[in-house]
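File shown: data.cif. Contents: mmCIF, C-alpha atoms.
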```cif
data_entry
#
loop_
_atom_site.label_atom_id
_atom_site.label_comp_id
_atom_site.auth_asym_id
_atom_site.auth_seq_id
_atom_site.Cartn_x
_atom_site.Cartn_y
_atom_site.Cartn_z
CA MET A 1 50.18 108.88 133.82
CA ASP A 2 52.44 105.99 134.80
CA GLN A 3 50.88 104.06 137.69
CA SER A 4 54.18 103.92 139.57
CA ILE A 5 54.26 107.73 139.68
CA ILE A 6 50.72 107.79 141.07
CA ASN A 7 51.54 105.12 143.67
CA SER A 8 54.66 106.94 144.84
CA TYR A 9 52.74 110.20 145.03
CA ASN A 10 49.98 108.66 147.15
CA GLU A 11 52.52 107.18 149.57
CA ALA A 12 54.30 110.53 149.83
CA LYS A 13 50.99 112.27 150.53
CA LYS A 14 50.44 110.05 153.56
CA LEU A 15 53.80 110.98 155.07
CA TYR A 16 53.23 114.70 154.57
CA ALA A 17 49.63 114.49 155.77
CA ALA A 18 50.88 113.20 159.13
CA HIS A 19 52.32 116.69 159.63
CA GLY A 20 49.22 118.51 158.40
CA ILE A 21 50.49 119.17 154.87
CA ASN A 22 47.88 118.89 152.12
CA VAL A 23 50.00 118.03 149.09
CA ASP A 24 47.18 118.53 146.57
CA GLU A 25 46.72 122.09 147.81
CA VAL A 26 50.47 122.66 147.65
CA LEU A 27 50.55 121.66 143.97
CA GLU A 28 47.59 123.88 143.19
CA LYS A 29 49.42 126.83 144.76
CA LEU A 30 52.66 125.94 142.98
CA ALA A 31 50.89 125.93 139.61
CA GLY A 32 49.93 129.57 140.16
CA ILE A 33 53.53 130.79 140.53
CA LYS A 34 55.03 132.40 137.44
CA ILE A 35 58.77 132.40 136.80
CA SER A 36 60.06 134.96 134.30
CA LEU A 37 62.44 133.33 131.80
CA HIS A 38 65.10 135.76 130.60
CA CYS A 39 65.28 135.88 126.80
CA TRP A 40 68.99 136.75 126.78
CA GLN A 41 70.04 133.22 127.73
CA GLY A 42 68.94 132.15 124.25
CA ASP A 43 71.41 134.24 122.27
CA ASP A 44 74.21 135.20 124.68
CA VAL A 45 72.83 138.73 125.27
CA ARG A 46 73.26 139.86 121.67
CA GLY A 47 69.76 141.13 120.95
CA PHE A 48 68.53 142.24 117.55
CA LEU A 49 68.84 146.04 117.43
CA PHE A 50 72.65 146.18 117.41
CA LYS A 51 73.68 142.58 116.72
CA ASP A 52 77.30 143.36 115.91
CA LYS A 53 77.89 145.52 118.99
CA GLU A 54 80.22 144.03 121.58
CA LEU A 55 78.86 143.51 125.09
CA SER A 56 79.74 146.24 127.57
CA GLY A 57 78.68 147.40 131.01
CA GLY A 58 80.64 144.71 132.83
CA ILE A 59 78.69 141.91 131.13
CA ALA A 60 80.51 138.90 129.73
CA VAL A 61 79.27 135.62 128.26
CA THR A 62 81.74 132.74 128.11
CA GLY A 63 81.43 129.78 125.79
CA SER A 64 80.41 129.33 122.17
CA TYR A 65 77.96 126.44 122.22
CA PRO A 66 76.45 126.12 118.74
CA GLY A 67 72.86 126.90 117.90
CA ARG A 68 72.13 130.16 119.66
CA ALA A 69 69.18 132.10 118.31
CA GLY A 70 69.98 134.63 115.61
CA THR A 71 66.51 136.02 114.87
CA PRO A 72 63.42 136.84 116.94
CA ASP A 73 61.57 133.89 115.38
CA GLU A 74 64.38 131.51 116.33
CA LEU A 75 64.44 132.86 119.87
CA ARG A 76 60.68 132.47 120.26
CA LYS A 77 60.85 128.94 118.89
CA ASP A 78 63.59 128.08 121.39
CA LEU A 79 61.60 129.58 124.23
CA GLU A 80 58.58 127.52 123.21
CA LYS A 81 60.67 124.36 123.38
CA ALA A 82 62.04 125.28 126.82
CA LEU A 83 58.61 126.21 128.18
CA SER A 84 57.16 122.92 126.95
CA LEU A 85 59.58 121.13 129.27
CA ILE A 86 58.84 123.27 132.35
CA PRO A 87 55.67 122.68 134.40
CA GLY A 88 53.31 125.63 134.85
CA LYS A 89 52.50 128.82 132.92
CA HIS A 90 55.16 131.49 133.11
CA LYS A 91 56.49 134.76 131.71
CA VAL A 92 59.28 135.86 129.37
CA ASN A 93 61.58 138.73 130.25
CA LEU A 94 62.71 140.97 127.36
CA HIS A 95 65.49 143.53 127.11
CA ALA A 96 64.95 146.57 124.88
CA ILE A 97 67.55 145.35 122.37
CA TYR A 98 65.25 142.41 121.55
CA ALA A 99 62.86 144.61 119.57
CA ASP A 100 61.45 142.77 116.56
CA THR A 101 61.41 145.38 113.83
CA ASP A 102 62.91 146.10 110.40
CA GLU A 103 63.16 149.79 111.25
CA LYS A 104 66.49 151.36 112.06
CA VAL A 105 65.65 152.76 115.47
CA ASP A 106 67.72 153.88 118.45
CA LEU A 107 66.92 153.07 122.06
CA ASP A 108 65.33 156.43 122.84
CA GLU A 109 62.93 156.03 119.89
CA LEU A 110 61.50 152.62 120.77
CA GLU A 111 57.73 152.26 120.89
CA PRO A 112 55.31 149.40 121.64
CA ARG A 113 54.89 148.71 117.91
CA HIS A 114 58.51 147.60 117.71
CA PHE A 115 57.57 144.68 119.98
CA ALA A 116 54.24 143.78 118.34
CA PRO A 117 55.37 140.26 117.29
CA TRP A 118 56.38 139.53 120.89
CA VAL A 119 52.96 140.57 122.17
CA ASP A 120 51.15 138.51 119.53
CA TRP A 121 53.30 135.49 120.39
CA ALA A 122 52.76 135.91 124.14
CA LYS A 123 48.99 136.01 123.59
CA GLU A 124 49.13 132.82 121.53
CA GLN A 125 51.23 131.08 124.18
CA GLY A 126 49.28 132.38 127.19
CA LEU A 127 52.39 134.06 128.62
CA GLY A 128 53.15 137.32 130.38
CA LEU A 129 56.02 139.63 129.40
CA ASP A 130 58.47 141.54 131.59
CA PHE A 131 60.82 144.25 130.35
CA ASN A 132 64.19 145.97 130.87
CA PRO A 133 65.70 149.11 129.35
CA THR A 134 69.09 148.25 127.86
CA CYS A 135 71.61 150.69 129.33
CA PHE A 136 74.72 148.98 127.96
CA SER A 137 76.35 147.91 124.68
CA HIS A 138 75.73 151.34 123.16
CA PRO A 139 78.05 154.21 122.14
CA LYS A 140 76.41 156.50 124.68
CA ALA A 141 77.37 154.05 127.46
CA ALA A 142 80.96 153.60 126.27
CA ASP A 143 82.54 155.39 129.24
CA GLY A 144 80.54 153.41 131.79
CA PHE A 145 77.91 156.03 132.68
CA THR A 146 74.27 156.44 131.63
CA LEU A 147 71.60 157.90 133.93
CA SER A 148 74.28 159.38 136.19
CA HIS A 149 76.39 160.79 133.35
CA ALA A 150 77.83 164.26 133.87
CA ASP A 151 76.99 165.17 130.26
CA GLU A 152 73.41 166.41 130.24
CA GLU A 153 72.85 165.41 126.61
CA ILE A 154 73.90 161.81 127.20
CA ARG A 155 71.95 161.66 130.43
CA SER A 156 68.87 162.94 128.58
CA PHE A 157 69.21 160.17 125.99
CA TRP A 158 69.06 157.49 128.67
CA ILE A 159 66.17 159.19 130.46
CA LYS A 160 64.21 159.12 127.18
CA HIS A 161 65.06 155.46 126.68
CA CYS A 162 63.89 154.53 130.17
CA LYS A 163 60.69 156.53 129.75
CA ALA A 164 60.04 154.75 126.47
CA SER A 165 60.64 151.42 128.19
CA ARG A 166 57.92 152.12 130.75
CA LYS A 167 55.42 152.89 127.98
CA ILE A 168 56.32 149.64 126.24
CA ALA A 169 55.85 147.79 129.52
CA GLU A 170 52.50 149.46 130.10
CA HIS A 171 51.42 148.28 126.65
CA PHE A 172 52.50 144.72 127.50
CA GLY A 173 50.45 144.82 130.68
CA ARG A 174 47.34 146.13 128.96
CA GLU A 175 47.52 143.69 126.07
CA LEU A 176 48.33 140.59 128.12
CA GLY A 177 46.13 141.23 131.15
CA GLN A 178 48.89 140.91 133.73
CA PRO A 179 51.47 143.36 135.11
CA CYS A 180 54.77 143.76 133.30
CA VAL A 181 57.69 144.14 135.71
CA THR A 182 60.11 146.72 134.32
CA ASN A 183 63.53 146.48 135.90
CA PHE A 184 65.98 149.37 135.85
CA TRP A 185 69.66 148.47 136.10
CA VAL A 186 72.49 150.70 134.93
CA PRO A 187 76.22 149.83 134.91
CA ASP A 188 77.39 153.28 136.04
CA GLY A 189 80.57 153.33 138.09
CA TYR A 190 84.34 153.84 138.28
CA LYS A 191 87.16 151.36 137.87
CA ASP A 192 89.23 153.15 140.50
CA THR A 193 88.31 155.04 143.66
CA PRO A 194 86.49 158.31 142.86
CA VAL A 195 86.94 161.61 144.64
CA ASP A 196 83.23 162.43 144.47
CA ARG A 197 80.84 159.61 145.27
CA LEU A 198 77.91 161.91 145.97
CA ALA A 199 77.44 163.82 142.69
CA PRO A 200 76.82 160.79 140.44
CA ARG A 201 74.28 159.47 142.92
CA ALA A 202 72.53 162.83 143.01
CA ARG A 203 72.35 162.79 139.20
CA LEU A 204 71.05 159.21 139.21
CA LYS A 205 68.35 160.13 141.73
CA ASP A 206 67.24 163.11 139.65
CA SER A 207 67.27 161.06 136.44
CA LEU A 208 65.17 158.32 137.98
CA ASP A 209 62.71 160.87 139.34
CA GLU A 210 62.29 162.18 135.80
CA VAL A 211 61.95 158.65 134.38
CA PHE A 212 59.19 157.85 136.87
CA SER A 213 57.49 161.25 136.67
CA GLU A 214 54.54 159.83 134.71
CA VAL A 215 52.23 157.73 136.87
CA ILE A 216 51.44 154.33 135.31
CA ASP A 217 48.80 152.05 136.77
CA PRO A 218 50.55 149.16 138.60
CA GLN A 219 48.01 146.72 137.17
CA TYR A 220 49.92 147.22 133.90
CA ASN A 221 53.47 148.08 134.96
CA ILE A 222 55.53 147.51 138.11
CA ASP A 223 58.80 149.47 138.29
CA ALA A 224 61.82 147.83 139.96
CA VAL A 225 65.33 149.14 140.63
CA GLU A 226 68.39 146.89 140.83
CA SER A 227 71.67 147.38 142.66
CA LYS A 228 75.11 145.88 142.18
CA LEU A 229 78.21 145.69 144.35
CA PHE A 230 80.78 145.89 141.56
CA GLY A 231 81.32 144.99 137.92
CA ILE A 232 84.04 144.71 135.32
CA GLY A 233 85.09 148.32 134.81
CA SER A 234 83.35 149.46 138.00
CA GLU A 235 85.32 147.52 140.56
CA SER A 236 85.80 150.37 143.04
CA TYR A 237 82.51 152.27 142.86
CA VAL A 238 79.01 151.57 141.58
CA VAL A 239 76.64 154.53 141.58
CA GLY A 240 73.54 152.37 142.09
CA SER A 241 74.61 150.58 145.26
CA HIS A 242 72.31 148.46 147.40
CA GLU A 243 71.91 151.27 149.91
CA PHE A 244 71.11 153.75 147.15
CA TYR A 245 68.38 151.65 145.58
CA MET A 246 66.97 150.46 148.87
CA GLY A 247 66.53 154.08 149.91
CA TYR A 248 65.21 155.07 146.51
CA GLY A 249 62.77 152.18 146.25
CA LEU A 250 61.37 152.64 149.75
CA THR A 251 60.90 156.39 149.40
CA ARG A 252 59.51 156.24 145.85
CA GLY A 253 57.31 153.17 146.16
CA LYS A 254 59.33 151.08 143.70
CA ALA A 255 60.03 147.38 143.91
CA ILE A 256 63.58 146.60 144.97
CA CYS A 257 65.37 144.01 142.85
CA LEU A 258 67.74 141.65 144.62
CA ASP A 259 70.06 139.74 142.29
CA ALA A 260 71.72 136.69 143.81
CA GLY A 261 75.03 137.63 142.21
CA HIS A 262 75.13 141.34 142.97
CA PHE A 263 76.45 141.28 146.51
CA HIS A 264 79.66 140.47 148.34
CA PRO A 265 80.62 136.79 147.93
CA THR A 266 79.88 136.18 151.62
CA GLU A 267 76.42 137.82 151.44
CA VAL A 268 73.21 136.00 150.57
CA ILE A 269 69.94 137.57 149.48
CA SER A 270 67.81 135.01 151.34
CA ASN A 271 68.62 136.86 154.56
CA LYS A 272 67.43 140.17 153.08
CA LEU A 273 63.96 139.17 151.86
CA SER A 274 62.00 139.52 155.09
CA SER A 275 63.70 142.84 155.90
CA ILE A 276 62.98 144.40 152.51
CA LEU A 277 59.38 143.21 152.41
CA MET A 278 58.81 144.51 155.94
CA PHE A 279 58.83 147.99 154.40
CA SER A 280 58.35 147.51 150.64
CA GLU A 281 55.14 146.44 148.91
CA GLN A 282 56.87 144.56 146.08
CA LEU A 283 60.11 142.71 145.50
CA LEU A 284 61.83 141.48 142.36
CA LEU A 285 64.26 138.57 142.52
CA HIS A 286 66.88 137.80 139.90
CA VAL A 287 67.71 134.20 140.63
CA SER A 288 71.22 133.43 139.49
CA ARG A 289 74.28 131.56 140.73
CA PRO A 290 77.48 133.48 141.35
CA VAL A 291 80.74 131.56 141.35
CA ARG A 292 83.24 133.76 143.20
CA TRP A 293 81.73 136.83 141.49
CA ASP A 294 78.66 137.89 139.52
CA SER A 295 79.28 135.19 136.94
CA ASP A 296 75.62 134.32 136.30
CA HIS A 297 75.94 130.55 136.20
CA VAL A 298 72.89 128.37 135.55
CA VAL A 299 70.80 128.00 138.70
CA THR A 300 71.36 124.74 140.56
CA MET A 301 69.49 123.55 143.63
CA ASP A 302 72.19 124.71 146.00
CA ASP A 303 71.81 125.81 149.62
CA GLU A 304 71.12 129.46 148.76
CA LEU A 305 68.36 128.66 146.26
CA LEU A 306 66.69 126.49 148.89
CA GLU A 307 67.03 129.23 151.51
CA ILE A 308 65.52 131.81 149.14
CA ALA A 309 62.56 129.49 148.56
CA ARG A 310 62.16 128.79 152.28
CA GLU A 311 62.15 132.48 153.16
CA LEU A 312 59.51 133.23 150.55
CA VAL A 313 57.29 130.35 151.67
CA ARG A 314 57.79 130.50 155.44
CA GLY A 315 57.06 134.22 155.51
CA ASP A 316 54.17 134.01 153.01
CA LEU A 317 56.09 136.47 150.84
CA LEU A 318 55.34 134.90 147.45
CA PRO A 319 52.28 137.07 146.67
CA ARG A 320 54.49 140.19 146.83
CA THR A 321 57.52 138.72 145.08
CA ASN A 322 58.24 138.62 141.36
CA ILE A 323 60.69 135.85 140.47
CA GLY A 324 62.89 136.12 137.38
CA LEU A 325 65.97 134.28 136.22
CA ASP A 326 69.19 136.03 135.24
CA PHE A 327 72.02 133.86 133.98
CA PHE A 328 73.71 133.48 130.62
CA ASP A 329 75.86 130.45 129.99
CA GLY A 330 77.18 130.09 126.46
CA SER A 331 79.10 126.90 127.23
CA ILE A 332 76.11 124.51 127.25
CA ASN A 333 72.94 124.01 125.24
CA HIS A 334 71.04 127.29 125.57
CA ILE A 335 67.63 125.63 125.94
CA ALA A 336 68.89 123.12 128.50
CA ALA A 337 70.15 126.05 130.59
CA TRP A 338 66.65 127.55 130.73
CA VAL A 339 65.10 124.19 131.59
CA ILE A 340 67.60 123.32 134.31
CA GLY A 341 67.46 126.73 135.97
CA THR A 342 63.69 127.12 135.86
CA ARG A 343 62.87 123.58 136.94
CA ASN A 344 65.30 123.94 139.85
CA THR A 345 63.68 127.19 140.94
CA ILE A 346 60.21 125.65 140.90
CA LYS A 347 61.50 122.50 142.57
CA ALA A 348 63.06 124.55 145.39
CA LEU A 349 59.73 126.31 145.97
CA LEU A 350 58.00 122.93 146.12
CA ARG A 351 60.48 121.63 148.69
CA ALA A 352 59.85 124.71 150.82
CA MET A 353 56.08 124.28 150.56
CA LEU A 354 56.39 120.68 151.72
CA GLU A 355 57.75 121.66 155.12
CA PRO A 356 55.57 121.64 158.27
CA ILE A 357 55.88 125.40 158.65
CA ALA A 358 53.19 125.95 161.28
CA GLU A 359 54.58 123.10 163.37
CA LEU A 360 58.14 124.39 163.06
CA LYS A 361 57.13 127.92 164.05
CA ALA A 362 55.26 126.64 167.11
CA ILE A 363 58.23 124.55 168.19
CA GLU A 364 60.56 127.51 167.72
CA LEU A 365 58.31 129.85 169.68
CA ALA A 366 58.24 127.32 172.53
CA GLY A 367 62.04 127.34 172.60
CA ASP A 368 62.37 123.69 171.59
CA TYR A 369 65.35 124.18 169.30
CA THR A 370 66.26 120.50 169.46
CA SER A 371 62.99 119.49 167.81
CA ARG A 372 63.28 122.35 165.35
CA LEU A 373 66.67 121.16 164.11
CA ALA A 374 65.60 117.52 164.09
CA LEU A 375 62.47 118.16 162.01
CA VAL A 376 64.17 120.49 159.54
CA GLU A 377 66.88 117.91 158.94
CA GLU A 378 64.54 114.93 158.67
CA PHE A 379 62.34 116.70 156.13
CA LYS A 380 65.32 117.07 153.83
CA SER A 381 64.95 113.38 153.02
CA TYR A 382 61.16 113.30 152.79
CA PRO A 383 59.97 112.11 149.35
CA PHE A 384 59.48 115.48 147.68
CA GLY A 385 60.85 113.87 144.48
CA ALA A 386 57.73 111.71 144.22
CA VAL A 387 55.58 114.84 144.49
CA TRP A 388 57.71 116.64 141.89
CA ASP A 389 57.40 113.71 139.46
CA TYR A 390 53.63 113.71 139.85
CA TYR A 391 53.47 117.49 139.36
CA CYS A 392 55.53 117.33 136.13
CA ALA A 393 53.41 114.48 134.78
CA SER A 394 50.15 116.25 135.69
CA GLN A 395 51.39 119.33 133.82
CA ASN A 396 52.21 117.24 130.72
CA THR A 397 55.92 117.87 131.03
CA PRO A 398 58.67 115.24 131.16
CA VAL A 399 59.40 113.48 134.43
CA ARG A 400 62.93 113.56 135.86
CA GLU A 401 65.64 113.75 133.19
CA GLY A 402 63.21 112.78 130.42
CA TRP A 403 63.31 116.36 129.12
CA LEU A 404 66.96 115.97 128.13
CA ALA A 405 66.14 113.61 125.25
CA ASP A 406 63.75 116.24 123.86
CA VAL A 407 66.44 118.92 124.05
CA LYS A 408 69.01 116.67 122.36
CA ALA A 409 66.57 115.85 119.57
CA TYR A 410 65.79 119.55 119.10
CA GLU A 411 69.51 120.25 118.97
CA GLN A 412 70.00 117.75 116.16
CA GLU A 413 66.93 118.81 114.20
CA VAL A 414 67.00 122.59 114.69
CA LEU A 415 70.03 124.04 116.47
CA SER A 416 72.73 122.15 114.58
CA VAL A 417 71.60 123.48 111.21
CA ARG A 418 71.81 127.15 112.23
#
```
Could you write out this file's structure as structure tokens?
Amino acid sequence: MDQSIINSYNEAKKLYAAHGINVDEVLEKLAGIKISLHCWQGDDVRGFLFKDKELSGGIAVTGSYPGRAGTPDELRKDLEKALSLIPGKHKVNLHAIYADTDEKVDLDELEPRHFAPWVDWAKEQGLGLDFNPTCFSHPKAADGFTLSHADEEIRSFWIKHCKASRKIAEHFGRELGQPCVTNFWVPDGYKDTPVDRLAPRARLKDSLDEVFSEVIDPQYNIDAVESKLFGIGSESYVVGSHEFYMGYGLTRGKAICLDAGHFHPTEVISNKLSSILMFSEQLLLHVSRPVRWDSDHVVTMDDELLEIARELVRGDLLPRTNIGLDFFDGSINHIAAWVIGTRNTIKALLRAMLEPIAELKAIELAGDYTSRLALVEEFKSYPFGAVWDYYCASQNTPVREGWLADVKAYEQEVLSVR
């Protein structure tokens, strides 16, 4: 390791130690946090089961940056490159349409064997896998309804698919020795104002009850349910609203997924974390960056990302929180997007861990709001960057923007010839 990095780190440690912060312990804790990288950033949410099917369900990817993955092997290779530039050991999040099989199989027929190459690869890489049923980009989702569909036959198809997804997730958990988080999101909703808001929600509740009717050990699979405020084609009404899934998750013992882009533009999920985890055992975060709407931009270290990290750290909520990324930007290098978003998420957690939390809480409880504000603001310029550089170097990943040269070289050698 470069001596200047070590020197800067040691000086930073002294400053933090003056406030009772053991930086070595912070880095040890940080190394144990797993971020789930979403596979769909690597190929613009195309998948491999129905590669020629247009995206639906209110999902849109803009941009046509060259070099996106076109096969499972290419996608795994790209993920390996991204993960080599991100400190720590993490997870990869798969959608059902990313099955790696030569069989012609529909979503309701998927089995663990259709994902065998992914499991073998994850074992080799020392990674965990998360999972999602794919309730979009399919003829049986063409009218915008799946689990809440009024047609019993169509609804049954999606129930079977979601049941199959849980069995696949259970297999992941058993094989890899860590829980697979299976997230259930459906695009169901109306473009214009419906007359009956209740009936679709009643059907969705009954469908989910059937999906979850088989008990699966949470050491292998953790179920999560995800809400959305609106989407393209469901601007006026979404069946699976925040209130619906909050009620469902709390009464059924399911993790509630909060996506940073799935709320009103003036809402932030950082303010919801402590409330949800007051009553729920588990939480799933989809860290994204909305720009005016659920546009899923690459995560930057903006105010909301920092507030999310602070809430998780200040409330000691990390042990009960599963953190995944959810953005898809086709306008820039696909691997760089993973690296930027993941490194920023980890970096935000580090910044939060390097705050004098016990001191700040004591000051706040004593009513000394002047000192609270002063300390919070001063710590924004404390040398967390020196700690981050040391952490990256100690994890054998590039320091600062050094990773960009690796990505550019990979682009020239691999991506440009696709």
**Request:** For the file shown, report as a list in words the outcome of the PyMOL selection byres ((chain A and resi 388-403) around 8) at residue level.
**Result:** Met1, Ile5, Ile6, Tyr9, Leu27, Ser84, Leu85, Ile86, Pro87, Gly88, Lys347, Leu350, Phe384, Gly385, Ala386, Val387, Leu404, Ala405, Asp406 and Val407 of chain A
**Item:** All residues 8 Å or closer to segment 192-202 of chain A, only C-alpha atoms, same chain fewer than 6 positions away omitted, as JSON, numbers by chain
**Value:** {"A": [148, 149, 150, 234, 235, 236, 237, 239, 240, 244]}
**Resolved residues for the PyMOL selection byres ((chain A and resi 158) around 12) as a PyMOL selection string** = chain A and resi 106-110+133-136+138-141+145-149+151-157+159-165+184-186+188+204+207-208+210-211
Can you turn the PyMOL selection byres ((chain A and resi 111-122) around 9) into a concrete residue list for this file, as a CSV table (one decimal) with C-alpha atoms, in the coordinates of the input?
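Produced file part-v8.csv, reproduced below:
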```csv
chain,number,residue,atom,x,y,z
A,72,PRO,CA,63.4,136.8,116.9
A,76,ARG,CA,60.7,132.5,120.3
A,91,LYS,CA,56.5,134.8,131.7
A,92,VAL,CA,59.3,135.9,129.4
A,98,TYR,CA,65.2,142.4,121.6
A,99,ALA,CA,62.9,144.6,119.6
A,100,ASP,CA,61.4,142.8,116.6
A,101,THR,CA,61.4,145.4,113.8
A,102,ASP,CA,62.9,146.1,110.4
A,103,GLU,CA,63.2,149.8,111.2
A,108,ASP,CA,65.3,156.4,122.8
A,109,GLU,CA,62.9,156.0,119.9
A,110,LEU,CA,61.5,152.6,120.8
A,123,LYS,CA,49.0,136.0,123.6
A,124,GLU,CA,49.1,132.8,121.5
A,125,GLN,CA,51.2,131.1,124.2
A,126,GLY,CA,49.3,132.4,127.2
A,127,LEU,CA,52.4,134.1,128.6
A,128,GLY,CA,53.2,137.3,130.4
A,129,LEU,CA,56.0,139.6,129.4
A,164,ALA,CA,60.0,154.8,126.5
A,165,SER,CA,60.6,151.4,128.2
A,167,LYS,CA,55.4,152.9,128.0
A,168,ILE,CA,56.3,149.6,126.2
A,169,ALA,CA,55.8,147.8,129.5
A,170,GLU,CA,52.5,149.5,130.1
A,171,HIS,CA,51.4,148.3,126.6
A,172,PHE,CA,52.5,144.7,127.5
A,175,GLU,CA,47.5,143.7,126.1
A,176,LEU,CA,48.3,140.6,128.1
```
**Request:** Grab the atom CA of Lys191 of chain A to atom CA of His95 of chain A distance for me, in Å with one decimal place.
**Result:** 25.4 Å
Show me a table, sorted first by chain and then by increasing residue number, of the residues of segment 33-102 of chain A having an atom at most 9 Å from segment 282-297 of chain A, each with its shortest atom pair and the distance in Å to one decimal, counting all atoms listed in the file and written as CSV.
```
residue,atom,partner,partner_atom,distance
A:Ile59,CA,A:Ser295,CA,8.9
A:Ala60,CA,A:Ser295,CA,8.2
A:Val61,CA,A:Ser295,CA,8.7
```
Selection file, C-alpha atoms, as a PDB file, in the coordinates of the input:
```pdb
ATOM      1  CA  ILE A  59      78.690 141.910 131.130  1.00  0.00           C
ATOM      2  CA  ALA A  60      80.510 138.900 129.730  1.00  0.00           C
ATOM      3  CA  VAL A  61      79.270 135.620 128.260  1.00  0.00           C
TER       4      VAL A  61
END
```
Report as JSON lines: every residue of segment 314-346 of chain A with an atom at most 12 Å from segment 38-56 of chain A, its closest pair of atoms, and their distance in Å to one decimal, counting all atoms listed in the file, with rows sorted by chain and ascending residue number.
```
{"residue": "A:Ile323", "atom": "CA", "partner": "A:His38", "partner_atom": "CA", "distance": 10.8}
{"residue": "A:Gly324", "atom": "CA", "partner": "A:His38", "partner_atom": "CA", "distance": 7.1}
{"residue": "A:Leu325", "atom": "CA", "partner": "A:His38", "partner_atom": "CA", "distance": 5.9}
{"residue": "A:Asp326", "atom": "CA", "partner": "A:His38", "partner_atom": "CA", "distance": 6.2}
{"residue": "A:Phe327", "atom": "CA", "partner": "A:Gln41", "partner_atom": "CA", "distance": 6.6}
{"residue": "A:Phe328", "atom": "CA", "partner": "A:Gln41", "partner_atom": "CA", "distance": 4.7}
{"residue": "A:Asp329", "atom": "CA", "partner": "A:Gln41", "partner_atom": "CA", "distance": 6.8}
{"residue": "A:Gly330", "atom": "CA", "partner": "A:Asp44", "partner_atom": "CA", "distance": 6.2}
{"residue": "A:Ser331", "atom": "CA", "partner": "A:Asp44", "partner_atom": "CA", "distance": 10.0}
{"residue": "A:Ile332", "atom": "CA", "partner": "A:Gln41", "partner_atom": "CA", "distance": 10.6}
{"residue": "A:Asn333", "atom": "CA", "partner": "A:Gly42", "partner_atom": "CA", "distance": 9.1}
{"residue": "A:His334", "atom": "CA", "partner": "A:Gly42", "partner_atom": "CA", "distance": 5.5}
{"residue": "A:Ile335", "atom": "CA", "partner": "A:Gly42", "partner_atom": "CA", "distance": 6.9}
{"residue": "A:Ala336", "atom": "CA", "partner": "A:Gly42", "partner_atom": "CA", "distance": 10.0}
{"residue": "A:Ala337", "atom": "CA", "partner": "A:Gln41", "partner_atom": "CA", "distance": 7.7}
{"residue": "A:Trp338", "atom": "CA", "partner": "A:Gln41", "partner_atom": "CA", "distance": 7.3}
{"residue": "A:Val339", "atom": "CA", "partner": "A:Gln41", "partner_atom": "CA", "distance": 11.0}
{"residue": "A:Gly341", "atom": "CA", "partner": "A:His38", "partner_atom": "CA", "distance": 10.8}
{"residue": "A:Thr342", "atom": "CA", "partner": "A:His38", "partner_atom": "CA", "distance": 10.2}
```
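Shortest atom-to-atom contact with Val268 of chain A among A:Leu30, A:Ile216, A:Val105, A:Leu306: A:Leu306, counting all atoms listed in the file.
Between atom CA of Lys228 of chain A and atom CA of Pro187 of chain A the interatomic distance comes to 8.3 Å.
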**Message:** Between atom CA of Val376 of chain A and atom CA of Leu317 of chain A, what distance in Å does the model show, to one decimal?
**Reply:** 19.9 Å
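When all atoms listed in the file are used to compute distances to Glu307 of chain A, the closest of the residues A:Asp206, A:Arg320, A:Ile269, A:Ile340 turns out to be A:Ile269.
Residue nearest Ala31 of chain A, chosen from A:Glu364, A:Leu349, A:Glu304, A:Phe212 and counting all atoms listed in the file: A:Leu349.
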**Prompt:** Residues around (56.0, 139.8, 143.4), cut-off 12 Å, counting all atoms listed in the file - what are they as a PyMOL selection string?
**Reply:** chain A and resi 33-36+179-181+218+222-224+254-258+273+277+280-286+312+316-324
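With distances restricted to only C-alpha atoms, A:Val414 is the closest residue to Lys77 of chain A from A:Leu360, A:Gln178, A:Val414, A:Asp217.
Using only C-alpha atoms, the contacts of Lys13 of chain A at a cut-off of 9 Å, with sequence neighbours closer than 3 positions omitted, comprise Ser8, Tyr9, Asn10, Tyr16, Ala17, Ala18, Ile21, Asn22, Val23, Asp24 and Val387 of chain A.
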**Prompt:** Taking only C-alpha atoms into account, which of A:Leu75, A:Leu94, A:Ala358, A:Met246 comes nearest Gly20 of chain A?
**Reply:** A:Ala358
